[in-house]
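*Asks:* To be precise about what I am sending: the file is called entry-v2.cif and holds mmCIF, N, CA and C atoms.
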data_target
#
loop_
_atom_site.label_atom_id
_atom_site.label_comp_id
_atom_site.auth_asym_id
_atom_site.auth_seq_id
_atom_site.Cartn_x
_atom_site.Cartn_y
_atom_site.Cartn_z
N MET A 19 -4.20 -17.73 -14.28
CA MET A 19 -3.65 -16.41 -14.07
C MET A 19 -2.13 -16.53 -13.95
N LEU A 20 -1.44 -15.66 -14.61
CA LEU A 20 0.02 -15.61 -14.49
C LEU A 20 0.37 -14.74 -13.29
N LEU A 21 1.09 -15.33 -12.36
CA LEU A 21 1.46 -14.61 -11.14
C LEU A 21 2.98 -14.55 -11.07
N PRO A 22 3.56 -13.37 -11.28
CA PRO A 22 5.01 -13.27 -11.31
C PRO A 22 5.67 -13.63 -9.98
N HIS A 23 6.92 -14.03 -10.07
CA HIS A 23 7.71 -14.32 -8.88
C HIS A 23 7.76 -13.06 -8.01
N GLY A 24 7.50 -13.20 -6.72
CA GLY A 24 7.56 -12.07 -5.80
C GLY A 24 6.25 -11.32 -5.64
N ALA A 25 5.22 -11.67 -6.42
CA ALA A 25 3.93 -11.00 -6.28
C ALA A 25 3.29 -11.39 -4.95
N THR A 26 2.49 -10.49 -4.41
CA THR A 26 1.84 -10.71 -3.12
C THR A 26 0.36 -10.99 -3.33
N VAL A 27 -0.18 -11.92 -2.54
CA VAL A 27 -1.59 -12.29 -2.62
C VAL A 27 -2.21 -12.07 -1.24
N LEU A 28 -3.30 -11.31 -1.20
CA LEU A 28 -4.05 -11.10 0.03
C LEU A 28 -5.43 -11.71 -0.14
N ALA A 29 -5.75 -12.72 0.67
CA ALA A 29 -7.09 -13.31 0.70
C ALA A 29 -7.72 -12.85 2.02
N VAL A 30 -8.82 -12.13 1.92
CA VAL A 30 -9.43 -11.55 3.12
C VAL A 30 -10.94 -11.61 3.01
N ASP A 31 -11.58 -11.83 4.16
CA ASP A 31 -13.02 -11.65 4.26
C ASP A 31 -13.24 -10.89 5.57
N GLY A 32 -14.43 -10.85 6.07
CA GLY A 32 -14.68 -10.06 7.27
C GLY A 32 -14.02 -10.57 8.53
N GLY A 33 -13.60 -11.82 8.57
CA GLY A 33 -13.05 -12.37 9.80
C GLY A 33 -11.71 -13.06 9.69
N ARG A 34 -11.22 -13.26 8.46
CA ARG A 34 -9.92 -13.93 8.28
C ARG A 34 -9.12 -13.21 7.22
N MET A 35 -7.80 -13.22 7.39
CA MET A 35 -6.92 -12.70 6.35
C MET A 35 -5.72 -13.61 6.22
N ARG A 36 -5.32 -13.82 4.99
CA ARG A 36 -4.13 -14.62 4.68
C ARG A 36 -3.29 -13.83 3.68
N LEU A 37 -2.02 -13.63 4.00
CA LEU A 37 -1.11 -12.88 3.15
C LEU A 37 -0.01 -13.81 2.68
N TYR A 38 0.19 -13.88 1.36
CA TYR A 38 1.15 -14.80 0.75
C TYR A 38 2.07 -14.06 -0.21
N ARG A 39 3.20 -14.67 -0.48
CA ARG A 39 4.10 -14.19 -1.53
C ARG A 39 4.41 -15.37 -2.42
N ASN A 40 4.43 -15.13 -3.74
CA ASN A 40 4.72 -16.19 -4.70
C ASN A 40 6.23 -16.39 -4.76
N ARG A 41 6.68 -17.55 -4.34
CA ARG A 41 8.10 -17.92 -4.39
C ARG A 41 8.40 -18.81 -5.58
N GLY A 42 7.37 -19.16 -6.33
CA GLY A 42 7.55 -19.98 -7.52
C GLY A 42 7.71 -19.10 -8.75
N GLN A 43 7.55 -19.72 -9.89
CA GLN A 43 7.66 -18.99 -11.15
C GLN A 43 6.27 -18.54 -11.60
N THR A 44 6.23 -17.84 -12.72
CA THR A 44 4.98 -17.25 -13.19
C THR A 44 3.88 -18.27 -13.39
N VAL A 45 4.17 -19.40 -14.00
CA VAL A 45 3.14 -20.40 -14.25
C VAL A 45 3.11 -21.50 -13.18
N GLU A 46 4.15 -21.61 -12.40
CA GLU A 46 4.22 -22.60 -11.32
C GLU A 46 4.18 -21.86 -9.99
N ILE A 47 2.98 -21.58 -9.53
CA ILE A 47 2.78 -20.75 -8.34
C ILE A 47 3.08 -21.56 -7.09
N LYS A 48 3.92 -21.00 -6.23
CA LYS A 48 4.22 -21.61 -4.93
C LYS A 48 4.10 -20.51 -3.88
N LEU A 49 2.99 -20.52 -3.15
CA LEU A 49 2.71 -19.45 -2.20
C LEU A 49 3.34 -19.72 -0.85
N GLU A 50 4.04 -18.71 -0.35
CA GLU A 50 4.65 -18.77 0.98
C GLU A 50 3.84 -17.86 1.89
N SER A 51 3.46 -18.37 3.05
CA SER A 51 2.65 -17.59 3.99
C SER A 51 3.50 -16.51 4.66
N LEU A 52 3.03 -15.27 4.59
CA LEU A 52 3.71 -14.17 5.27
C LEU A 52 3.02 -13.81 6.58
N HIS A 53 1.69 -13.81 6.57
CA HIS A 53 0.95 -13.41 7.76
C HIS A 53 -0.47 -13.96 7.66
N SER A 54 -1.03 -14.31 8.79
CA SER A 54 -2.44 -14.69 8.83
C SER A 54 -3.02 -14.21 10.16
N ALA A 55 -4.30 -13.91 10.13
CA ALA A 55 -4.97 -13.42 11.34
C ALA A 55 -6.45 -13.75 11.24
N GLU A 56 -7.07 -13.86 12.41
CA GLU A 56 -8.51 -14.05 12.49
C GLU A 56 -9.07 -13.06 13.50
N LEU A 57 -10.26 -12.59 13.22
CA LEU A 57 -10.91 -11.59 14.06
C LEU A 57 -11.91 -12.26 14.97
N ASP A 58 -11.78 -12.02 16.27
CA ASP A 58 -12.79 -12.47 17.22
C ASP A 58 -13.82 -11.35 17.31
N ASN A 59 -14.94 -11.54 16.65
CA ASN A 59 -15.90 -10.46 16.49
C ASN A 59 -17.29 -10.89 16.96
N PRO A 60 -17.65 -10.54 18.21
CA PRO A 60 -18.98 -10.89 18.69
C PRO A 60 -20.07 -10.12 17.93
N ARG A 61 -21.29 -10.57 18.04
CA ARG A 61 -22.41 -9.92 17.38
C ARG A 61 -22.63 -8.53 17.97
N THR A 62 -23.35 -7.69 17.25
CA THR A 62 -23.56 -6.30 17.66
C THR A 62 -24.26 -6.20 19.01
N HIS A 63 -25.24 -7.03 19.28
CA HIS A 63 -25.97 -6.93 20.54
C HIS A 63 -25.06 -7.23 21.74
N VAL A 64 -23.98 -7.95 21.53
CA VAL A 64 -23.03 -8.22 22.61
C VAL A 64 -22.09 -7.02 22.78
N LEU A 65 -21.75 -6.38 21.68
CA LEU A 65 -20.82 -5.25 21.73
C LEU A 65 -21.46 -3.98 22.30
N ASP A 66 -22.75 -3.78 22.06
CA ASP A 66 -23.43 -2.58 22.54
C ASP A 66 -24.05 -2.84 23.91
N ALA A 67 -23.64 -2.04 24.88
CA ALA A 67 -24.18 -2.19 26.23
C ALA A 67 -25.54 -1.51 26.37
N HIS A 68 -25.81 -0.49 25.54
CA HIS A 68 -27.04 0.29 25.67
C HIS A 68 -27.81 0.26 24.35
N PRO A 69 -29.13 0.31 24.43
CA PRO A 69 -29.93 0.39 23.20
C PRO A 69 -29.76 1.77 22.55
N PRO A 70 -30.13 1.91 21.29
CA PRO A 70 -30.02 3.22 20.64
C PRO A 70 -30.91 4.25 21.33
N GLY A 71 -30.52 5.50 21.25
CA GLY A 71 -31.26 6.56 21.91
C GLY A 71 -32.55 6.91 21.20
N ARG A 72 -33.30 7.84 21.81
CA ARG A 72 -34.57 8.28 21.25
C ARG A 72 -34.54 9.80 21.13
N SER A 73 -35.30 10.30 20.18
CA SER A 73 -35.37 11.75 20.02
C SER A 73 -36.83 12.19 20.06
N PHE A 74 -37.02 13.44 20.44
CA PHE A 74 -38.36 14.02 20.52
C PHE A 74 -38.54 14.99 19.37
N GLU A 75 -39.75 15.06 18.85
CA GLU A 75 -40.07 16.07 17.86
C GLU A 75 -40.51 17.32 18.60
N SER A 76 -40.16 18.47 18.06
CA SER A 76 -40.44 19.71 18.78
C SER A 76 -41.92 20.08 18.80
N GLY A 77 -42.68 19.71 17.80
CA GLY A 77 -44.07 20.15 17.73
C GLY A 77 -45.08 19.15 18.24
N SER A 78 -44.66 17.96 18.57
CA SER A 78 -45.64 16.96 19.02
C SER A 78 -45.00 16.07 20.09
N PRO A 79 -45.81 15.33 20.78
CA PRO A 79 -45.27 14.46 21.83
C PRO A 79 -44.68 13.15 21.31
N SER A 80 -44.69 12.93 20.00
CA SER A 80 -44.19 11.66 19.48
C SER A 80 -42.67 11.58 19.56
N ARG A 81 -42.19 10.37 19.66
CA ARG A 81 -40.75 10.13 19.75
C ARG A 81 -40.36 9.12 18.68
N SER A 82 -39.08 9.10 18.33
CA SER A 82 -38.58 8.10 17.38
C SER A 82 -37.21 7.63 17.83
N ALA A 83 -36.89 6.41 17.49
CA ALA A 83 -35.61 5.83 17.90
C ALA A 83 -34.55 6.11 16.85
N HIS A 84 -33.32 6.29 17.32
CA HIS A 84 -32.19 6.42 16.41
C HIS A 84 -31.83 5.03 15.90
N GLU A 85 -31.28 4.99 14.70
CA GLU A 85 -30.86 3.70 14.16
C GLU A 85 -29.62 3.22 14.90
N ALA A 86 -29.58 1.94 15.21
CA ALA A 86 -28.45 1.37 15.94
C ALA A 86 -27.22 1.27 15.03
N THR A 87 -26.05 1.52 15.59
CA THR A 87 -24.80 1.39 14.86
C THR A 87 -24.42 -0.09 14.83
N ASP A 88 -24.05 -0.57 13.67
CA ASP A 88 -23.65 -1.97 13.52
C ASP A 88 -22.16 -2.09 13.87
N ARG A 89 -21.87 -2.27 15.13
CA ARG A 89 -20.47 -2.34 15.60
C ARG A 89 -19.76 -3.59 15.05
N HIS A 90 -20.50 -4.66 14.85
CA HIS A 90 -19.93 -5.88 14.28
C HIS A 90 -19.39 -5.61 12.87
N GLN A 91 -20.19 -4.95 12.04
CA GLN A 91 -19.77 -4.63 10.68
C GLN A 91 -18.62 -3.62 10.68
N GLN A 92 -18.66 -2.66 11.57
CA GLN A 92 -17.56 -1.69 11.67
C GLN A 92 -16.25 -2.39 11.98
N ARG A 93 -16.27 -3.35 12.88
CA ARG A 93 -15.04 -4.08 13.22
C ARG A 93 -14.55 -4.91 12.04
N GLU A 94 -15.46 -5.54 11.29
CA GLU A 94 -15.06 -6.30 10.10
C GLU A 94 -14.42 -5.38 9.07
N ASP A 95 -15.02 -4.22 8.82
CA ASP A 95 -14.48 -3.27 7.84
C ASP A 95 -13.09 -2.80 8.26
N ARG A 96 -12.92 -2.49 9.54
CA ARG A 96 -11.61 -2.04 10.04
C ARG A 96 -10.57 -3.15 9.90
N PHE A 97 -10.97 -4.39 10.18
CA PHE A 97 -10.07 -5.53 10.05
C PHE A 97 -9.59 -5.68 8.61
N CYS A 98 -10.51 -5.57 7.65
CA CYS A 98 -10.16 -5.71 6.23
C CYS A 98 -9.23 -4.57 5.78
N ARG A 99 -9.48 -3.36 6.24
CA ARG A 99 -8.61 -2.24 5.88
C ARG A 99 -7.22 -2.40 6.47
N ASP A 100 -7.15 -2.88 7.71
CA ASP A 100 -5.84 -3.13 8.32
C ASP A 100 -5.08 -4.22 7.57
N ALA A 101 -5.80 -5.24 7.11
CA ALA A 101 -5.18 -6.31 6.32
C ALA A 101 -4.63 -5.75 5.01
N LEU A 102 -5.38 -4.86 4.37
CA LEU A 102 -4.90 -4.24 3.14
C LEU A 102 -3.67 -3.37 3.40
N ASP A 103 -3.66 -2.66 4.51
CA ASP A 103 -2.47 -1.87 4.87
C ASP A 103 -1.24 -2.75 5.03
N LYS A 104 -1.41 -3.90 5.69
CA LYS A 104 -0.28 -4.83 5.85
C LYS A 104 0.19 -5.34 4.50
N ALA A 105 -0.75 -5.66 3.62
CA ALA A 105 -0.39 -6.16 2.28
C ALA A 105 0.33 -5.10 1.47
N LEU A 106 -0.16 -3.87 1.50
CA LEU A 106 0.49 -2.80 0.74
C LEU A 106 1.88 -2.51 1.28
N ALA A 107 2.06 -2.63 2.59
CA ALA A 107 3.40 -2.45 3.17
C ALA A 107 4.33 -3.57 2.74
N ALA A 108 3.79 -4.79 2.63
CA ALA A 108 4.61 -5.93 2.21
C ALA A 108 4.99 -5.83 0.74
N VAL A 109 4.11 -5.27 -0.08
CA VAL A 109 4.37 -5.15 -1.52
C VAL A 109 5.40 -4.06 -1.79
N GLY A 110 5.22 -2.90 -1.18
CA GLY A 110 6.09 -1.77 -1.49
C GLY A 110 5.68 -1.12 -2.80
N ASP A 111 6.33 -0.03 -3.17
CA ASP A 111 5.99 0.68 -4.41
C ASP A 111 6.44 -0.11 -5.62
N GLY A 112 5.58 -0.16 -6.60
CA GLY A 112 5.93 -0.82 -7.86
C GLY A 112 5.68 -2.31 -7.89
N GLY A 113 5.21 -2.91 -6.81
CA GLY A 113 4.98 -4.36 -6.78
C GLY A 113 3.59 -4.71 -7.28
N GLU A 114 3.29 -6.00 -7.25
CA GLU A 114 1.98 -6.49 -7.68
C GLU A 114 1.26 -7.11 -6.50
N LEU A 115 -0.03 -6.78 -6.38
CA LEU A 115 -0.88 -7.31 -5.32
C LEU A 115 -2.12 -7.91 -5.95
N VAL A 116 -2.41 -9.15 -5.59
CA VAL A 116 -3.65 -9.80 -5.99
C VAL A 116 -4.55 -9.80 -4.77
N LEU A 117 -5.68 -9.14 -4.88
CA LEU A 117 -6.62 -9.01 -3.77
C LEU A 117 -7.78 -9.95 -4.02
N VAL A 118 -7.95 -10.94 -3.14
CA VAL A 118 -9.02 -11.94 -3.26
C VAL A 118 -9.96 -11.72 -2.08
N ALA A 119 -11.18 -11.30 -2.38
CA ALA A 119 -12.14 -10.98 -1.32
C ALA A 119 -13.55 -11.13 -1.87
N PRO A 120 -14.54 -11.33 -0.97
CA PRO A 120 -15.93 -11.34 -1.42
C PRO A 120 -16.28 -9.99 -2.05
N PRO A 121 -17.24 -9.95 -2.96
CA PRO A 121 -17.54 -8.72 -3.68
C PRO A 121 -17.82 -7.50 -2.79
N ARG A 122 -18.55 -7.66 -1.69
CA ARG A 122 -18.84 -6.51 -0.82
C ARG A 122 -17.57 -5.96 -0.20
N VAL A 123 -16.71 -6.85 0.28
CA VAL A 123 -15.44 -6.44 0.88
C VAL A 123 -14.54 -5.82 -0.19
N LEU A 124 -14.55 -6.40 -1.37
CA LEU A 124 -13.74 -5.90 -2.47
C LEU A 124 -14.12 -4.46 -2.83
N GLY A 125 -15.39 -4.18 -2.86
CA GLY A 125 -15.84 -2.81 -3.15
C GLY A 125 -15.38 -1.83 -2.09
N ASP A 126 -15.47 -2.22 -0.83
CA ASP A 126 -15.03 -1.35 0.27
C ASP A 126 -13.52 -1.11 0.19
N LEU A 127 -12.75 -2.17 -0.07
CA LEU A 127 -11.30 -2.04 -0.15
C LEU A 127 -10.86 -1.28 -1.40
N ARG A 128 -11.60 -1.39 -2.47
CA ARG A 128 -11.28 -0.64 -3.69
C ARG A 128 -11.39 0.86 -3.40
N GLU A 129 -12.44 1.25 -2.71
CA GLU A 129 -12.61 2.66 -2.34
C GLU A 129 -11.50 3.12 -1.40
N TYR A 130 -11.15 2.28 -0.44
CA TYR A 130 -10.07 2.61 0.51
C TYR A 130 -8.73 2.73 -0.21
N CYS A 131 -8.51 1.90 -1.21
CA CYS A 131 -7.25 1.88 -1.94
C CYS A 131 -7.03 3.16 -2.75
N ARG A 132 -8.12 3.78 -3.18
CA ARG A 132 -8.01 5.03 -3.95
C ARG A 132 -7.32 6.13 -3.16
N HIS A 133 -7.48 6.10 -1.86
CA HIS A 133 -6.92 7.15 -1.01
C HIS A 133 -5.59 6.75 -0.39
N HIS A 134 -5.05 5.63 -0.80
CA HIS A 134 -3.79 5.14 -0.24
C HIS A 134 -2.64 5.60 -1.12
N PRO A 135 -1.53 6.06 -0.52
CA PRO A 135 -0.43 6.61 -1.31
C PRO A 135 0.42 5.57 -2.05
N ALA A 136 0.33 4.29 -1.69
CA ALA A 136 1.19 3.28 -2.31
C ALA A 136 0.82 3.10 -3.78
N LYS A 137 1.83 2.94 -4.61
CA LYS A 137 1.63 2.72 -6.04
C LYS A 137 1.92 1.26 -6.35
N VAL A 138 0.87 0.47 -6.49
CA VAL A 138 1.02 -0.96 -6.77
C VAL A 138 0.12 -1.31 -7.96
N THR A 139 0.45 -2.42 -8.60
CA THR A 139 -0.43 -2.98 -9.62
C THR A 139 -1.41 -3.89 -8.89
N LEU A 140 -2.68 -3.55 -8.94
CA LEU A 140 -3.70 -4.25 -8.17
C LEU A 140 -4.56 -5.11 -9.08
N HIS A 141 -4.64 -6.40 -8.78
CA HIS A 141 -5.53 -7.33 -9.47
C HIS A 141 -6.60 -7.75 -8.46
N GLU A 142 -7.84 -7.80 -8.90
CA GLU A 142 -8.94 -8.11 -7.99
C GLU A 142 -9.68 -9.37 -8.42
N ILE A 143 -10.00 -10.20 -7.43
CA ILE A 143 -10.81 -11.40 -7.66
C ILE A 143 -11.92 -11.40 -6.62
N GLY A 144 -13.16 -11.41 -7.08
CA GLY A 144 -14.31 -11.32 -6.18
C GLY A 144 -14.81 -12.67 -5.70
N LYS A 145 -14.02 -13.34 -4.85
CA LYS A 145 -14.41 -14.63 -4.28
C LYS A 145 -13.86 -14.72 -2.86
N ASP A 146 -14.51 -15.49 -2.02
CA ASP A 146 -14.02 -15.73 -0.67
C ASP A 146 -13.22 -17.03 -0.68
N LEU A 147 -11.89 -16.91 -0.66
CA LEU A 147 -11.01 -18.08 -0.71
C LEU A 147 -10.10 -18.15 0.52
N THR A 148 -10.50 -17.57 1.62
CA THR A 148 -9.64 -17.56 2.81
C THR A 148 -9.50 -18.93 3.45
N ALA A 149 -10.42 -19.84 3.18
CA ALA A 149 -10.36 -21.16 3.80
C ALA A 149 -9.41 -22.11 3.07
N LEU A 150 -8.92 -21.73 1.89
CA LEU A 150 -8.04 -22.61 1.13
C LEU A 150 -6.62 -22.61 1.70
N THR A 151 -5.94 -23.73 1.57
CA THR A 151 -4.54 -23.80 1.96
C THR A 151 -3.71 -23.06 0.91
N PRO A 152 -2.44 -22.72 1.21
CA PRO A 152 -1.62 -22.04 0.21
C PRO A 152 -1.50 -22.82 -1.09
N HIS A 153 -1.36 -24.14 -0.99
CA HIS A 153 -1.25 -24.97 -2.19
C HIS A 153 -2.54 -24.92 -3.01
N GLU A 154 -3.70 -25.06 -2.33
CA GLU A 154 -4.99 -25.01 -3.04
C GLU A 154 -5.23 -23.65 -3.67
N LEU A 155 -4.88 -22.59 -2.95
CA LEU A 155 -5.05 -21.24 -3.50
C LEU A 155 -4.14 -21.03 -4.70
N GLY A 156 -2.92 -21.53 -4.64
CA GLY A 156 -2.01 -21.43 -5.77
C GLY A 156 -2.55 -22.13 -7.00
N GLU A 157 -3.10 -23.33 -6.81
CA GLU A 157 -3.71 -24.05 -7.93
C GLU A 157 -4.92 -23.32 -8.47
N TRP A 158 -5.73 -22.76 -7.58
CA TRP A 158 -6.92 -22.03 -7.99
C TRP A 158 -6.51 -20.80 -8.82
N LEU A 159 -5.50 -20.09 -8.36
CA LEU A 159 -5.03 -18.90 -9.09
C LEU A 159 -4.44 -19.28 -10.44
N ARG A 160 -3.72 -20.40 -10.50
CA ARG A 160 -3.13 -20.84 -11.76
C ARG A 160 -4.20 -21.11 -12.81
N ASP A 161 -5.33 -21.69 -12.37
CA ASP A 161 -6.41 -22.04 -13.28
C ASP A 161 -7.39 -20.89 -13.53
N TYR A 162 -7.26 -19.80 -12.79
CA TYR A 162 -8.20 -18.67 -12.90
C TYR A 162 -7.97 -17.92 -14.22
N ARG A 163 -9.03 -17.59 -14.90
CA ARG A 163 -8.96 -16.81 -16.13
C ARG A 163 -9.70 -15.52 -15.95
#
Can you present the structure in this file as structure tokens?
*Replies:*
Amino acid sequence: MLLPHGATVLAVDGGRMRLYRNRGQTVEIKLESLHSAELDNPRTHVLDAHPPGRSFESGSPSRSAHEATDRHQQREDRFCRDALDKALAAVGDGGELVLVAPPRVLGDLREYCRHHPAKVTLHEIGKDLTALTPHELGEWLRDYR
């Protein structure tokens, strides 16, 4: 992949985000770390103090339980959207952003990006590469087709 000088790369999954800027040339990628964060996200049963409620049917004595809210997933989604906001702020209008995320996260962020006012050139890669070092990610992007 050709990555122009000054392009921004965001590698994010549900619990980690890495934000980089290419300080190298188009074919010789050299990623500089701008920001990184990790989410401390306990499981849903730890986050919810109370079980889901129950409802009564009006015509019979039967009851049914409400579906539990997945607070763990909500926190992951919010974390990924906040990471995208940081990346879009770092890019500014008219810049290039390479978004590297697992396919499920990528779909959620694609929908979120439609409603964002920033005008950027967005490239998407559906892989989880948050564990790679900047050098390894740069090499991976260089070889990506």
*Asks:* Tell me which of A:Val109, A:Leu147, A:Leu37, A:Leu28 sits closest to A:Glu50, counting only N, CA and C atoms.
*Replies:*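 So, comparing all the options, the nearest one is A:Leu37.
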*Asks:* Could you state which residues are captured by the PyMOL selection byres ((chain A and resi 114) around 5) in this file, as an MDAnalysis selection string?
*Replies:* chainID A and resid 25:26 112:113 115:116 139
*Asks:* Which one of A:His23, A:Cys98, A:His90, A:Ala55 sits closest to A:Asn40 if you count all atoms listed in the file?
*Replies:*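 Among A:His23, A:Cys98, A:His90, A:Ala55, it is A:His23 that comes nearest to A:Asn40.
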*Asks:* Which is closest to A:Leu21 among A:Lys145, A:Arg160, A:Lys104, A:Lys137, if we use only C-alpha atoms?
*Replies:*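 Selected residue with least distance to A:Leu21: A:Arg160.
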*Asks:* Please compute the atom N of A:Asp111-atom C of A:Val45 distance, one decimal, in Å.
*Replies:* 23.9 Å
*Asks:* Could you work out how far atom N of A:Asp88 lies from atom N of A:Leu106, giving the answer in Å with one decimal?
*Replies:*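 So the two atoms, atom N of A:Leu106 and atom N of A:Asp88, lie 27.0 Å apart.
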